[in-house]
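Structure below is run-v7.json: JSON, C-alpha atoms.
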[["chain", "number", "residue", "atom", "x", "y", "z"],
["B", 341, "VAL", "CA", 0.00, 0.00, 0.00],
["B", 342, "PRO", "CA", 1.55, 3.34, -1.01],
["B", 343, "GLY", "CA", 2.77, 5.32, 1.98],
["B", 344, "LYS", "CA", 2.66, 2.32, 4.33],
["B", 345, "ALA", "CA", 5.53, 0.32, 5.75],
["B", 346, "TYR", "CA", 6.91, -2.25, 3.31],
["B", 347, "ASP", "CA", 5.47, -0.51, 0.22],
["B", 348, "PHE", "CA", 7.30, -2.03, -2.74],
["B", 349, "GLY", "CA", 5.73, 0.17, -5.41],
["B", 350, "GLY", "CA", 8.98, 2.02, -6.12],
["B", 351, "TRP", "CA", 10.85, -1.24, -6.43],
["B", 352, "VAL", "CA", 8.36, -2.57, -8.99],
["B", 353, "GLN", "CA", 8.57, 0.66, -10.98],
["B", 354, "MET", "CA", 12.38, 0.54, -10.96],
["B", 355, "LEU", "CA", 12.28, -3.11, -12.06],
["B", 356, "ASP", "CA", 9.92, -2.22, -14.90],
["B", 357, "ARG", "CA", 11.94, 0.75, -16.07],
["B", 358, "ARG", "CA", 15.50, -0.46, -15.58],
["B", 359, "LEU", "CA", 15.92, -4.15, -14.78],
["B", 360, "TYR", "CA", 13.35, -5.92, -16.95],
["B", 361, "PRO", "CA", 14.68, -4.25, -20.14],
["B", 362, "ALA", "CA", 18.22, -5.18, -19.06],
["B", 363, "TRP", "CA", 17.26, -8.86, -18.79],
["B", 364, "GLY", "CA", 16.06, -8.62, -22.39],
["B", 365, "ARG", "CA", 19.67, -7.78, -23.27],
["B", 366, "LEU", "CA", 21.22, -10.64, -21.32],
["B", 367, "THR", "CA", 23.03, -12.06, -24.36],
["B", 368, "GLU", "CA", 24.64, -8.67, -24.97],
["B", 369, "ALA", "CA", 25.68, -8.44, -21.30],
["B", 370, "VAL", "CA", 27.32, -11.87, -21.42],
["B", 371, "ARG", "CA", 29.08, -11.18, -24.73],
["B", 372, "THR", "CA", 30.40, -7.76, -23.72],
["B", 373, "ASN", "CA", 30.81, -8.27, -19.94],
["B", 374, "ARG", "CA", 29.17, -4.87, -19.45],
["B", 375, "PRO", "CA", 26.04, -3.78, -17.61],
["B", 376, "THR", "CA", 22.88, -3.37, -19.64],
["B", 377, "SER", "CA", 20.80, -1.65, -16.95],
["B", 378, "TRP", "CA", 22.95, 1.49, -17.19],
["B", 379, "ASN", "CA", 25.74, 2.81, -19.40],
["B", 380, "PRO", "CA", 29.06, 3.43, -17.63],
["B", 381, "ASP", "CA", 30.29, 5.36, -20.69],
["B", 382, "GLU", "CA", 27.50, 7.92, -20.24],
["B", 383, "GLN", "CA", 26.72, 7.78, -16.52],
["B", 384, "GLU", "CA", 29.01, 8.45, -13.57],
["B", 385, "HIS", "CA", 27.24, 5.80, -11.52],
["B", 386, "LEU", "CA", 24.25, 3.49, -11.58],
["B", 387, "PHE", "CA", 21.74, 6.16, -10.50],
["B", 388, "ALA", "CA", 23.13, 9.19, -12.36],
["B", 389, "GLY", "CA", 20.51, 10.93, -14.45],
["B", 390, "GLU", "CA", 17.61, 8.96, -13.00],
["B", 391, "ASP", "CA", 14.24, 10.63, -12.43],
["B", 392, "PRO", "CA", 14.29, 12.03, -8.84],
["B", 393, "LYS", "CA", 10.69, 10.94, -8.16],
["B", 394, "LEU", "CA", 11.43, 7.40, -9.28],
["B", 395, "LEU", "CA", 14.61, 7.37, -7.20],
["B", 396, "ALA", "CA", 12.64, 8.45, -4.12],
["B", 397, "LEU", "CA", 10.19, 5.58, -4.67],
["B", 398, "PHE", "CA", 13.10, 3.22, -5.24],
["B", 399, "TRP", "CA", 14.79, 4.19, -1.96],
["B", 400, "GLU", "CA", 11.56, 3.75, -0.02],
["B", 401, "ALA", "CA", 11.12, 0.30, -1.53],
["B", 402, "MET", "CA", 14.75, -0.62, -0.86],
["B", 403, "HIS", "CA", 14.33, 0.51, 2.74],
["B", 404, "SER", "CA", 11.38, -1.86, 3.17],
["B", 405, "LEU", "CA", 13.22, -4.75, 1.54],
["B", 406, "SER", "CA", 16.40, -4.06, 3.51],
["B", 407, "THR", "CA", 14.53, -3.84, 6.82],
["B", 408, "LEU", "CA", 13.20, -7.36, 6.39],
["B", 409, "THR", "CA", 16.55, -8.68, 5.17],
["B", 410, "ALA", "CA", 18.43, -7.00, 8.03],
["B", 411, "ARG", "CA", 16.16, -8.58, 10.62],
["B", 412, "GLU", "CA", 17.01, -12.00, 9.22],
["B", 413, "LEU", "CA", 20.72, -11.17, 9.05],
["B", 414, "GLY", "CA", 20.66, -10.10, 12.70],
["B", 415, "ALA", "CA", 19.02, -13.37, 13.66],
["B", 416, "TYR", "CA", 21.68, -15.49, 11.93],
["B", 417, "VAL", "CA", 24.89, -13.49, 12.35],
["B", 418, "ASP", "CA", 25.99, -12.81, 15.91],
["B", 419, "LEU", "CA", 27.25, -9.24, 16.20],
["B", 420, "SER", "CA", 27.13, -9.09, 19.99],
["B", 421, "ALA", "CA", 30.94, -8.79, 20.22],
["B", 422, "SER", "CA", 31.07, -6.10, 17.53],
["B", 423, "THR", "CA", 31.09, -2.40, 18.34],
["B", 424, "ALA", "CA", 31.34, -0.48, 15.06],
["B", 425, "LEU", "CA", 29.79, -1.47, 11.73],
["B", 426, "LEU", "CA", 30.67, 0.18, 8.42],
["B", 427, "ASP", "CA", 27.82, -0.24, 5.94],
["B", 428, "ILE", "CA", 29.36, 0.33, 2.52],
["B", 429, "GLY", "CA", 26.77, 1.51, 0.03],
["B", 430, "GLY", "CA", 24.37, 1.46, 2.98],
["B", 431, "GLY", "CA", 21.52, 3.24, 1.23],
["B", 432, "SER", "CA", 18.75, 4.31, 3.57],
["B", 433, "GLY", "CA", 20.42, 2.86, 6.67],
["B", 434, "ALA", "CA", 17.81, 0.12, 7.09],
["B", 435, "PHE", "CA", 20.42, -2.53, 7.88],
["B", 436, "ASP", "CA", 22.08, -0.27, 10.43],
["B", 437, "ILE", "CA", 18.78, 0.58, 12.11],
["B", 438, "GLU", "CA", 17.72, -3.04, 12.43],
["B", 439, "LEU", "CA", 21.13, -4.30, 13.51],
["B", 440, "CYS", "CA", 21.52, -1.53, 16.10],
["B", 441, "ARG", "CA", 18.00, -2.28, 17.32],
["B", 442, "ARG", "CA", 18.99, -5.93, 17.84],
["B", 443, "TYR", "CA", 22.49, -5.26, 19.24],
["B", 444, "PRO", "CA", 22.42, -2.42, 21.81],
["B", 445, "ASN", "CA", 26.23, -2.04, 21.96],
["B", 446, "LEU", "CA", 26.59, -1.66, 18.20],
["B", 447, "ARG", "CA", 27.25, 1.67, 16.48],
["B", 448, "ALA", "CA", 27.11, 2.02, 12.71],
["B", 449, "THR", "CA", 28.14, 4.28, 9.85],
["B", 450, "VAL", "CA", 26.34, 4.44, 6.51],
["B", 451, "PHE", "CA", 28.91, 5.15, 3.77],
["B", 452, "ASP", "CA", 27.23, 6.13, 0.53],
["B", 453, "LEU", "CA", 26.92, 8.91, -2.04],
["B", 454, "PRO", "CA", 26.01, 12.32, -0.53],
["B", 455, "PRO", "CA", 22.38, 12.39, -1.76],
["B", 456, "VAL", "CA", 21.84, 8.89, -0.39],
["B", 457, "CYS", "CA", 23.35, 9.86, 2.97],
["B", 458, "GLU", "CA", 20.70, 12.58, 3.21],
["B", 459, "ILE", "CA", 18.03, 9.88, 2.90],
["B", 460, "ALA", "CA", 19.81, 7.70, 5.46],
["B", 461, "ALA", "CA", 20.13, 10.56, 7.97],
["B", 462, "LYS", "CA", 16.36, 11.15, 7.80],
["B", 463, "LYS", "CA", 15.55, 7.45, 8.21],
["B", 464, "VAL", "CA", 18.01, 7.11, 11.11],
["B", 465, "ALA", "CA", 16.52, 10.16, 12.85],
["B", 466, "ALA", "CA", 12.97, 8.90, 12.32],
["B", 467, "ALA", "CA", 13.99, 5.60, 13.94],
["B", 468, "GLY", "CA", 15.59, 7.45, 16.89],
["B", 469, "PHE", "CA", 19.11, 6.15, 16.29],
["B", 470, "GLU", "CA", 20.98, 9.34, 15.43],
["B", 471, "ASP", "CA", 23.12, 8.87, 18.59],
["B", 472, "ARG", "CA", 24.37, 5.46, 17.34],
["B", 473, "ILE", "CA", 24.22, 5.62, 13.54],
["B", 474, "GLY", "CA", 26.12, 8.21, 11.55],
["B", 475, "VAL", "CA", 26.49, 8.89, 7.87],
["B", 476, "ALA", "CA", 29.72, 9.37, 5.94],
["B", 477, "PRO", "CA", 29.25, 10.76, 2.44],
["B", 478, "GLY", "CA", 31.64, 9.32, -0.10],
["B", 479, "ASP", "CA", 32.09, 7.07, -3.09],
["B", 480, "PHE", "CA", 33.31, 3.54, -2.37],
["B", 481, "LEU", "CA", 34.53, 3.19, -5.94],
["B", 482, "ALA", "CA", 36.33, 6.53, -6.30],
["B", 483, "ASP", "CA", 37.54, 7.32, -2.78],
["B", 484, "PRO", "CA", 41.01, 5.92, -2.09],
["B", 485, "GLU", "CA", 40.04, 4.82, 1.44],
["B", 486, "LEU", "CA", 36.97, 3.86, 3.42],
["B", 487, "PRO", "CA", 36.13, 5.36, 6.81],
["B", 488, "ALA", "CA", 38.32, 3.70, 9.44],
["B", 489, "GLY", "CA", 37.66, 2.47, 12.97],
["B", 490, "HIS", "CA", 35.13, -0.28, 12.32],
["B", 491, "ASP", "CA", 35.35, -3.91, 13.35],
["B", 492, "VAL", "CA", 32.61, -5.13, 10.98],
["B", 493, "VAL", "CA", 32.04, -4.26, 7.33],
["B", 494, "LEU", "CA", 28.72, -4.87, 5.59],
["B", 495, "LEU", "CA", 28.47, -5.17, 1.80],
["B", 496, "SER", "CA", 24.79, -5.70, 1.12],
["B", 497, "MET", "CA", 23.24, -5.64, -2.33],
["B", 498, "ILE", "CA", 26.08, -3.74, -3.99],
["B", 499, "MET", "CA", 28.67, -6.16, -5.34],
["B", 500, "HIS", "CA", 26.46, -7.38, -8.18],
["B", 501, "ASP", "CA", 26.45, -3.92, -9.79],
["B", 502, "TRP", "CA", 30.16, -3.74, -10.54],
["B", 503, "THR", "CA", 32.86, -5.53, -12.50],
["B", 504, "PRO", "CA", 35.04, -8.18, -10.84],
["B", 505, "GLU", "CA", 37.91, -5.67, -10.85],
["B", 506, "GLN", "CA", 35.79, -3.05, -9.10],
["B", 507, "ASP", "CA", 34.57, -5.62, -6.58],
["B", 508, "LEU", "CA", 38.16, -6.63, -5.83],
["B", 509, "ALA", "CA", 39.12, -2.97, -5.33],
["B", 510, "ILE", "CA", 36.23, -2.53, -2.87],
["B", 511, "LEU", "CA", 37.29, -5.64, -0.94],
["B", 512, "ARG", "CA", 40.90, -4.44, -0.79],
["B", 513, "LYS", "CA", 39.72, -1.15, 0.71],
["B", 514, "CYS", "CA", 37.70, -3.10, 3.29],
["B", 515, "PHE", "CA", 40.76, -4.94, 4.49],
["B", 516, "ALA", "CA", 42.82, -1.74, 4.59],
["B", 517, "ALA", "CA", 40.23, 0.17, 6.67]]

Represent the supplied structure as structure tokens.
Amino acid sequence: VPGKAYDFGGWVQMLDRRLYPAWGRLTEAVRTNRPTSWNPDEQEHLFAGEDPKLLALFWEAMHSLSTLTARELGAYVDLSASTALLDIGGGSGAFDIELCRRYPNLRATVFDLPPVCEIAAKKVAAAGFEDRIGVAPGDFLADPELPAGHDVVLLSMIMHDWTPEQDLAILRKCFAA
């Protein structure tokens, strides 16, 4: 239901506009080893040039999906000994909110593009976690380093968007942080 918790309308619209057409070009993607849901020759990143209204719907839908996924992650991965989580490409902060809700000693940082960090800061404040969850604007592909001082790194729903070389560069930065 639009406007209610767990509304996936934005996700369905993004699938219709971006991902379904890309699946129709699967053969091209396999032959060229390049994304077909966006053009890295014309766009700085996956969401560059996207309609702001559609992006807002997308982030709301991703927040709903991530909230459910984060609850399950928290139930299966014990973070009780962890103190500081770095959520790379953390989007709306849904994982951080749910994991901090489950683990009272955990603090978290959402590391994402500046416009996305604005969304995360609002979601974190609405959940009442601004004292435990911060945002760090940046670009995990372009920045030479990731924010330091974390004992856990979360890479959720981001690695599939990049090349193996880019994924390896992200992982190297994780181990250096």

At what distance in Å, to one decimal, does atom CA of Leu426 of chain B lie from atom CA of Leu494 of chain B? 6.1 Å

Atom CA of Gly489 of chain B to atom CA of Ala424 of chain B, straight-line distance in Å: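 Going from atom CA of Ala424 of chain B over to atom CA of Gly489 of chain B covers 7.3 Å.
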
Counting all atoms listed in the file, which of B:Ala415, B:Ile459, B:Val450, B:Ile498 gets nearest to Val475 of chain B? B:Val450

Have a look at atom CA of Ala421 of chain B and atom CA of Cys457 of chain B and let me know their distance in Å, one decimal.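 So the answer is 26.5 Å.
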
Taking all atoms listed in the file into account, which of B:Pro342, B:Val417, B:Val492, B:Pro455 comes nearest Ala388 of chain B? B:Pro455

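Of the residues under consideration (B:Lys513, B:Lys344, B:Arg374, B:Arg441), B:Lys513 shows the shortest atom-to-atom contact distance to Ala482 of chain B when counting only C-alpha atoms.
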
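For Glu438 of chain B, the set of protein, DNA and RNA residues having any atom at most 8 Å away, when counting only C-alpha atoms and skipping those fewer than 6 positions along the same chain, is Thr407, Ala410, Arg411 and Gly414 of chain B.
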
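Of the listed residues B:Val341, B:Val456, B:Ala466, B:Leu446, the one whose atoms come nearest to Thr423 of chain B is B:Leu446, with distances taken using all atoms listed in the file.
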
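If all atoms listed in the file are the atoms counted, then among B:Trp502, B:His490, B:Gly474, B:Leu419 the closest residue to Ser377 of chain B is B:Trp502.
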
Please determine, counting only C-alpha atoms, which residue among B:Pro444, B:Gly468, B:Gly429, B:Pro375 has the shortest atom-to-atom distance to Phe480 of chain B.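 With only C-alpha atoms as the atom set, the closest residue is B:Gly429.
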
Please rebuild segment 473-493 of chain B with N, CA, C and O atoms and give the result as a compact mmCIF listing (two decimals), keeping the file's coordinate frame.
# COMPACT_ATOMS: atom_id res chain seq x y z
N ILE B 473 23.99 5.85 14.97
CA ILE B 473 24.22 5.62 13.54
C ILE B 473 24.55 6.96 12.89
O ILE B 473 23.76 7.90 12.96
N GLY B 474 25.71 7.01 12.27
CA GLY B 474 26.12 8.21 11.55
C GLY B 474 26.17 7.95 10.06
O GLY B 474 26.03 6.81 9.60
N VAL B 475 26.33 9.01 9.31
CA VAL B 475 26.49 8.89 7.87
C VAL B 475 27.84 9.49 7.47
O VAL B 475 28.31 10.44 8.09
N ALA B 476 28.44 8.90 6.47
CA ALA B 476 29.72 9.37 5.94
C ALA B 476 29.60 9.44 4.43
O ALA B 476 29.67 8.41 3.75
N PRO B 477 29.37 10.63 3.90
CA PRO B 477 29.25 10.76 2.44
C PRO B 477 30.57 10.41 1.75
O PRO B 477 31.64 10.80 2.21
N GLY B 478 30.46 9.68 0.67
CA GLY B 478 31.64 9.32 -0.10
C GLY B 478 31.26 8.41 -1.25
O GLY B 478 30.09 8.19 -1.52
N ASP B 479 32.27 7.93 -1.92
CA ASP B 479 32.09 7.07 -3.09
C ASP B 479 33.03 5.87 -2.93
O ASP B 479 34.25 6.01 -3.06
N PHE B 480 32.47 4.71 -2.64
CA PHE B 480 33.31 3.54 -2.37
C PHE B 480 34.11 3.09 -3.57
O PHE B 480 35.09 2.38 -3.43
N LEU B 481 33.73 3.51 -4.77
CA LEU B 481 34.53 3.19 -5.94
C LEU B 481 35.66 4.21 -6.15
O LEU B 481 36.79 3.83 -6.45
N ALA B 482 35.37 5.48 -5.98
CA ALA B 482 36.33 6.53 -6.30
C ALA B 482 37.23 6.93 -5.14
O ALA B 482 38.40 7.28 -5.36
N ASP B 483 36.73 6.90 -3.92
CA ASP B 483 37.54 7.32 -2.78
C ASP B 483 38.68 6.33 -2.56
O ASP B 483 38.46 5.12 -2.61
N PRO B 484 39.87 6.84 -2.28
CA PRO B 484 41.01 5.92 -2.09
C PRO B 484 40.91 5.07 -0.82
O PRO B 484 41.49 4.00 -0.76
N GLU B 485 40.17 5.56 0.19
CA GLU B 485 40.04 4.82 1.44
C GLU B 485 38.60 4.85 1.91
O GLU B 485 37.83 5.75 1.55
N LEU B 486 38.27 3.91 2.76
CA LEU B 486 36.97 3.86 3.42
C LEU B 486 37.12 4.45 4.82
O LEU B 486 38.22 4.49 5.35
N PRO B 487 36.03 4.89 5.42
CA PRO B 487 36.13 5.36 6.81
C PRO B 487 36.71 4.26 7.70
O PRO B 487 36.35 3.10 7.58
N ALA B 488 37.61 4.66 8.59
CA ALA B 488 38.32 3.70 9.44
C ALA B 488 37.63 3.58 10.80
O ALA B 488 36.71 4.33 11.12
N GLY B 489 38.11 2.62 11.60
CA GLY B 489 37.66 2.47 12.97
C GLY B 489 36.47 1.56 13.16
O GLY B 489 35.75 1.67 14.14
N HIS B 490 36.26 0.65 12.24
CA HIS B 490 35.13 -0.28 12.32
C HIS B 490 35.64 -1.70 12.45
O HIS B 490 36.64 -2.06 11.84
N ASP B 491 34.94 -2.52 13.22
CA ASP B 491 35.35 -3.91 13.35
C ASP B 491 34.49 -4.87 12.53
O ASP B 491 34.77 -6.06 12.47
N VAL B 492 33.46 -4.34 11.87
CA VAL B 492 32.61 -5.13 10.98
C VAL B 492 32.31 -4.29 9.74
O VAL B 492 32.04 -3.09 9.85
N VAL B 493 32.38 -4.93 8.59
CA VAL B 493 32.04 -4.26 7.33
C VAL B 493 30.88 -5.02 6.69
O VAL B 493 30.91 -6.25 6.61
